[in-house]
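Enquirer: Data file query.txt (compact mmCIF, C-alpha atoms and all ligand atoms) is appended below.
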```
# COMPACT_ATOMS: atom_id res chain seq x y z
CA MET A 17 -31.89 5.28 22.63
CA HIS A 18 -34.74 2.94 23.46
CA SER A 19 -36.44 2.84 20.13
CA ALA A 20 -35.65 1.40 16.76
CA ARG A 21 -36.06 2.83 13.33
CA PHE A 22 -37.19 0.30 10.77
CA ARG A 23 -33.81 -1.01 9.86
CA ARG A 24 -32.09 -4.34 9.82
CA LYS A 25 -29.53 -5.20 12.38
CA LYS A 26 -27.52 -8.28 13.05
CA LEU A 27 -28.95 -10.34 15.85
CA ASN A 28 -26.71 -11.63 18.56
CA GLN A 29 -28.56 -14.11 20.70
CA ALA A 30 -26.43 -13.30 23.69
CA CYS A 31 -24.00 -10.54 24.44
CA GLY A 32 -21.39 -10.03 27.09
CA GLY A 33 -22.18 -8.35 30.37
CA ASN A 34 -25.72 -8.28 31.66
CA VAL A 35 -27.49 -7.83 28.32
CA MET A 36 -29.38 -10.59 26.58
CA LYS A 37 -31.23 -10.18 23.30
CA GLN A 38 -34.69 -11.68 23.21
CA GLU A 39 -37.32 -11.76 20.48
CA LEU A 40 -40.51 -10.12 21.73
CA CYS A 41 -42.82 -10.41 18.71
CA ARG A 42 -42.95 -9.69 15.00
CA ILE A 43 -43.44 -6.19 13.66
CA THR A 44 -46.62 -7.38 11.98
CA ASP A 45 -48.05 -8.19 15.43
CA LEU A 46 -48.00 -4.51 16.38
CA VAL A 47 -50.68 -1.90 15.81
CA ASP A 48 -49.65 1.75 15.83
CA ALA A 49 -49.99 3.27 19.33
CA VAL A 50 -51.59 0.13 20.82
CA PRO A 51 -49.45 -1.52 23.53
CA LYS A 52 -48.91 -5.26 23.10
CA LEU A 53 -48.32 -7.38 26.18
CA VAL A 54 -45.51 -9.91 25.70
CA LYS A 55 -44.31 -12.52 28.20
CA VAL A 56 -40.61 -13.32 28.13
CA ASP A 57 -39.46 -15.95 30.59
CA ASN A 58 -41.01 -14.74 33.83
CA ARG A 59 -41.34 -11.07 32.97
CA ALA A 60 -44.03 -9.10 31.17
CA ILE A 61 -43.08 -6.41 28.67
CA ALA A 62 -45.27 -3.93 26.83
CA VAL A 63 -44.21 -3.30 23.23
CA ILE A 64 -45.39 -0.08 21.63
CA GLN A 65 -45.01 1.02 18.03
CA ILE A 66 -45.43 4.69 17.21
CA GLU A 67 -44.94 5.29 13.53
CA ALA A 68 -41.32 4.29 12.75
CA ASP A 69 -40.28 3.85 16.39
CA ILE A 70 -40.69 0.84 18.64
CA TYR A 71 -40.47 0.97 22.43
CA ALA A 72 -40.36 -1.77 25.05
CA ILE A 73 -41.13 -1.12 28.71
CA ASP A 74 -41.94 -3.17 31.78
CA ALA A 75 -45.60 -4.13 31.67
CA ARG A 76 -46.03 -3.39 35.38
CA CYS A 77 -46.34 0.16 36.65
CA PRO A 78 -43.65 0.94 39.27
CA HIS A 79 -46.31 2.68 41.39
CA TRP A 80 -48.93 0.04 42.26
CA ASP A 81 -48.26 -2.65 39.68
CA ALA A 82 -51.01 -1.82 37.18
CA ILE A 83 -50.75 -3.42 33.75
CA MET A 84 -49.21 -0.81 31.50
CA ALA A 85 -50.27 -2.68 28.37
CA SER A 86 -53.73 -1.30 29.20
CA GLY A 87 -52.36 2.24 29.31
CA THR A 88 -53.06 4.96 26.82
CA ILE A 89 -50.44 6.28 24.44
CA SER A 90 -49.65 9.85 23.51
CA LYS A 91 -48.06 9.65 20.08
CA LYS A 92 -47.10 13.31 20.15
CA ARG A 93 -45.41 13.23 23.56
CA ARG A 94 -44.13 9.63 23.30
CA GLU A 95 -45.68 8.78 26.65
CA ILE A 96 -47.84 6.10 28.20
CA THR A 97 -50.44 6.87 30.86
CA CYS A 98 -51.03 4.27 33.55
CA PRO A 99 -54.65 3.08 33.59
CA MET A 100 -54.85 3.08 37.41
CA HIS A 101 -53.68 6.46 38.74
CA ARG A 102 -52.93 8.18 35.45
CA PHE A 103 -49.19 8.72 36.02
CA ARG A 104 -47.49 9.41 32.71
CA TYR A 105 -44.19 7.78 31.77
CA SER A 106 -41.81 8.65 28.95
CA LEU A 107 -41.49 5.82 26.44
CA VAL A 108 -38.02 7.10 25.59
CA ASP A 109 -36.35 6.96 29.01
CA GLY A 110 -39.06 5.66 31.37
CA ALA A 111 -39.17 8.79 33.54
CA CYS A 112 -42.36 9.61 35.41
CA VAL A 113 -43.21 12.81 33.57
CA ALA A 114 -45.37 14.64 36.10
CA SER A 115 -43.27 13.64 39.11
CA PRO A 116 -39.63 13.01 38.15
CA SER A 117 -38.82 12.06 41.75
CA ARG A 118 -41.07 8.99 41.46
CA PRO A 119 -39.55 5.71 40.25
CA SER A 120 -39.15 5.34 36.49
CA ILE A 121 -40.51 2.47 34.48
CA ALA A 122 -37.86 0.17 33.00
CA THR A 123 -37.23 0.57 29.28
CA TYR A 124 -35.41 -1.80 26.94
CA ALA A 125 -33.42 -1.00 23.81
CA VAL A 126 -35.18 -2.41 20.76
CA THR A 127 -33.92 -3.39 17.32
CA LEU A 128 -35.50 -5.02 14.30
CA ASP A 129 -34.13 -8.07 12.54
CA GLU A 130 -36.01 -9.29 9.48
CA GLY A 131 -39.35 -8.33 10.97
CA ARG A 132 -38.56 -9.61 14.43
CA VAL A 133 -38.70 -7.15 17.33
CA ILE A 134 -35.66 -7.79 19.52
CA ALA A 135 -35.05 -6.27 22.95
CA ASP A 136 -31.97 -6.08 25.09
CA ILE A 137 -33.14 -7.46 28.41
CA GLY A 138 -31.16 -8.24 31.49
CA PRO A 139 -30.46 -11.74 32.77
S1 LIG B 1 -50.43 1.97 39.51
FE1 LIG B 1 -49.70 3.15 37.84
S2 LIG B 1 -49.85 5.16 38.52
FE2 LIG B 1 -50.51 3.99 40.20
```
Please render this file's structure as structure tokens.
Ligand code: FES
Expert:
Amino acid sequence: MHSARFRRKKLNQACGGNVMKQELCRITDLVDAVPKLVKVDNRAIAVIQIEADIYAIDARCPHWDAIMASGTISKKRREITCPMHRFRYSLVDGACVASPSRPSIATYAVTLDEGRVIADIGP
């Protein structure tokens, strides 16, 4: 699952394998259904809150690199629409909705820890 209900979880700064937990922002920084662009190390991530769920996806569209933080959100379908060519991606699993054969957008598992939005990102 790539979303987080509003619940507390223990934060591990680093885990085994290829997963690393990284603070993206605070929950109070987010506005419902408005993507927030966050820079973590040398990558850009879009953080999206929809009601009680939080999603984190790559901020670059896998098609032609448009900034997904400028995309529009469908709260009902849990999707983001790319601002450039209007491809729609699932916020849940990153799949390109209209054309499943196209590359997916990367998604990151998100948890909350005392108001901090934490994502599992790779090395
Ligand atoms: S750049 Fe996003 S759909 Fe083309």
Enquirer: In terms of the shortest atom-to-atom distance over all atoms listed in the file, which of A:Ile89, A:Ala135, A:Leu107, A:Ile121 is closest to ligand LIG 1 (chain B)?
Expert: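 Among the listed residues, A:Ile121 lies closest to ligand LIG 1 (chain B).
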Enquirer: How many Å separate atom CA of A:Ala82 from atom CA of A:Asp45?
Expert: 22.9 Å
Enquirer: Counting all atoms listed in the file, what residues are within 6 Å of ligand LIG 1 (chain B), given as number ranges by chain?
Expert: A: 77, 79-82, 98, 100-103
Enquirer: Can you tell me, as a VMD selection string, which residues sit within 10 Å of (-44.2, -6.6, 24.1) in the file's frame, using only C-alpha atoms?
Expert: chain A and resid 39 to 42 45 to 46 51 to 56 60 to 65 70 to 75 85 133 to 135
Enquirer: To one decimal place, how far is atom CA of A:Ser90 from atom CA of A:Ala49 in Å?
Expert: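 Those two atoms sit 7.8 Å apart.
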Enquirer: Would you write out, as JSON lines, a table of all residues in stretch 40-106 of chain A that have an atom no more than 9 Å from an atom of stretch 113-118 of chain A, listing for each the closest atom pair and the distance in Å to one decimal, considering only C-alpha atoms and ordering rows by chain and rising residue number?
Expert:
```
{"residue": "A:Pro78", "atom": "CA", "partner": "A:Arg118", "partner_atom": "CA", "distance": 8.7}
{"residue": "A:His79", "atom": "CA", "partner": "A:Arg118", "partner_atom": "CA", "distance": 8.2}
{"residue": "A:Glu95", "atom": "CA", "partner": "A:Val113", "partner_atom": "CA", "distance": 8.4}
{"residue": "A:Phe103", "atom": "CA", "partner": "A:Ala114", "partner_atom": "CA", "distance": 7.0}
{"residue": "A:Arg104", "atom": "CA", "partner": "A:Val113", "partner_atom": "CA", "distance": 5.5}
{"residue": "A:Tyr105", "atom": "CA", "partner": "A:Val113", "partner_atom": "CA", "distance": 5.4}
{"residue": "A:Ser106", "atom": "CA", "partner": "A:Val113", "partner_atom": "CA", "distance": 6.4}
```
Enquirer: Rank A:Asn58, A:Ile83, A:Leu128, A:Thr97 by their smallest atom-to-atom distance to A:Cys112, using all atoms listed in the file, and report the top residue only.
Expert: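 Of A:Asn58, A:Ile83, A:Leu128, A:Thr97, the one nearest A:Cys112, counting all atoms listed in the file, is A:Thr97.
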Enquirer: Could you please determine the separation between atom CA of A:Asp136 and atom CA of A:Lys92 in Å, to one decimal place?
Expert: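 The value is 25.1 Å.
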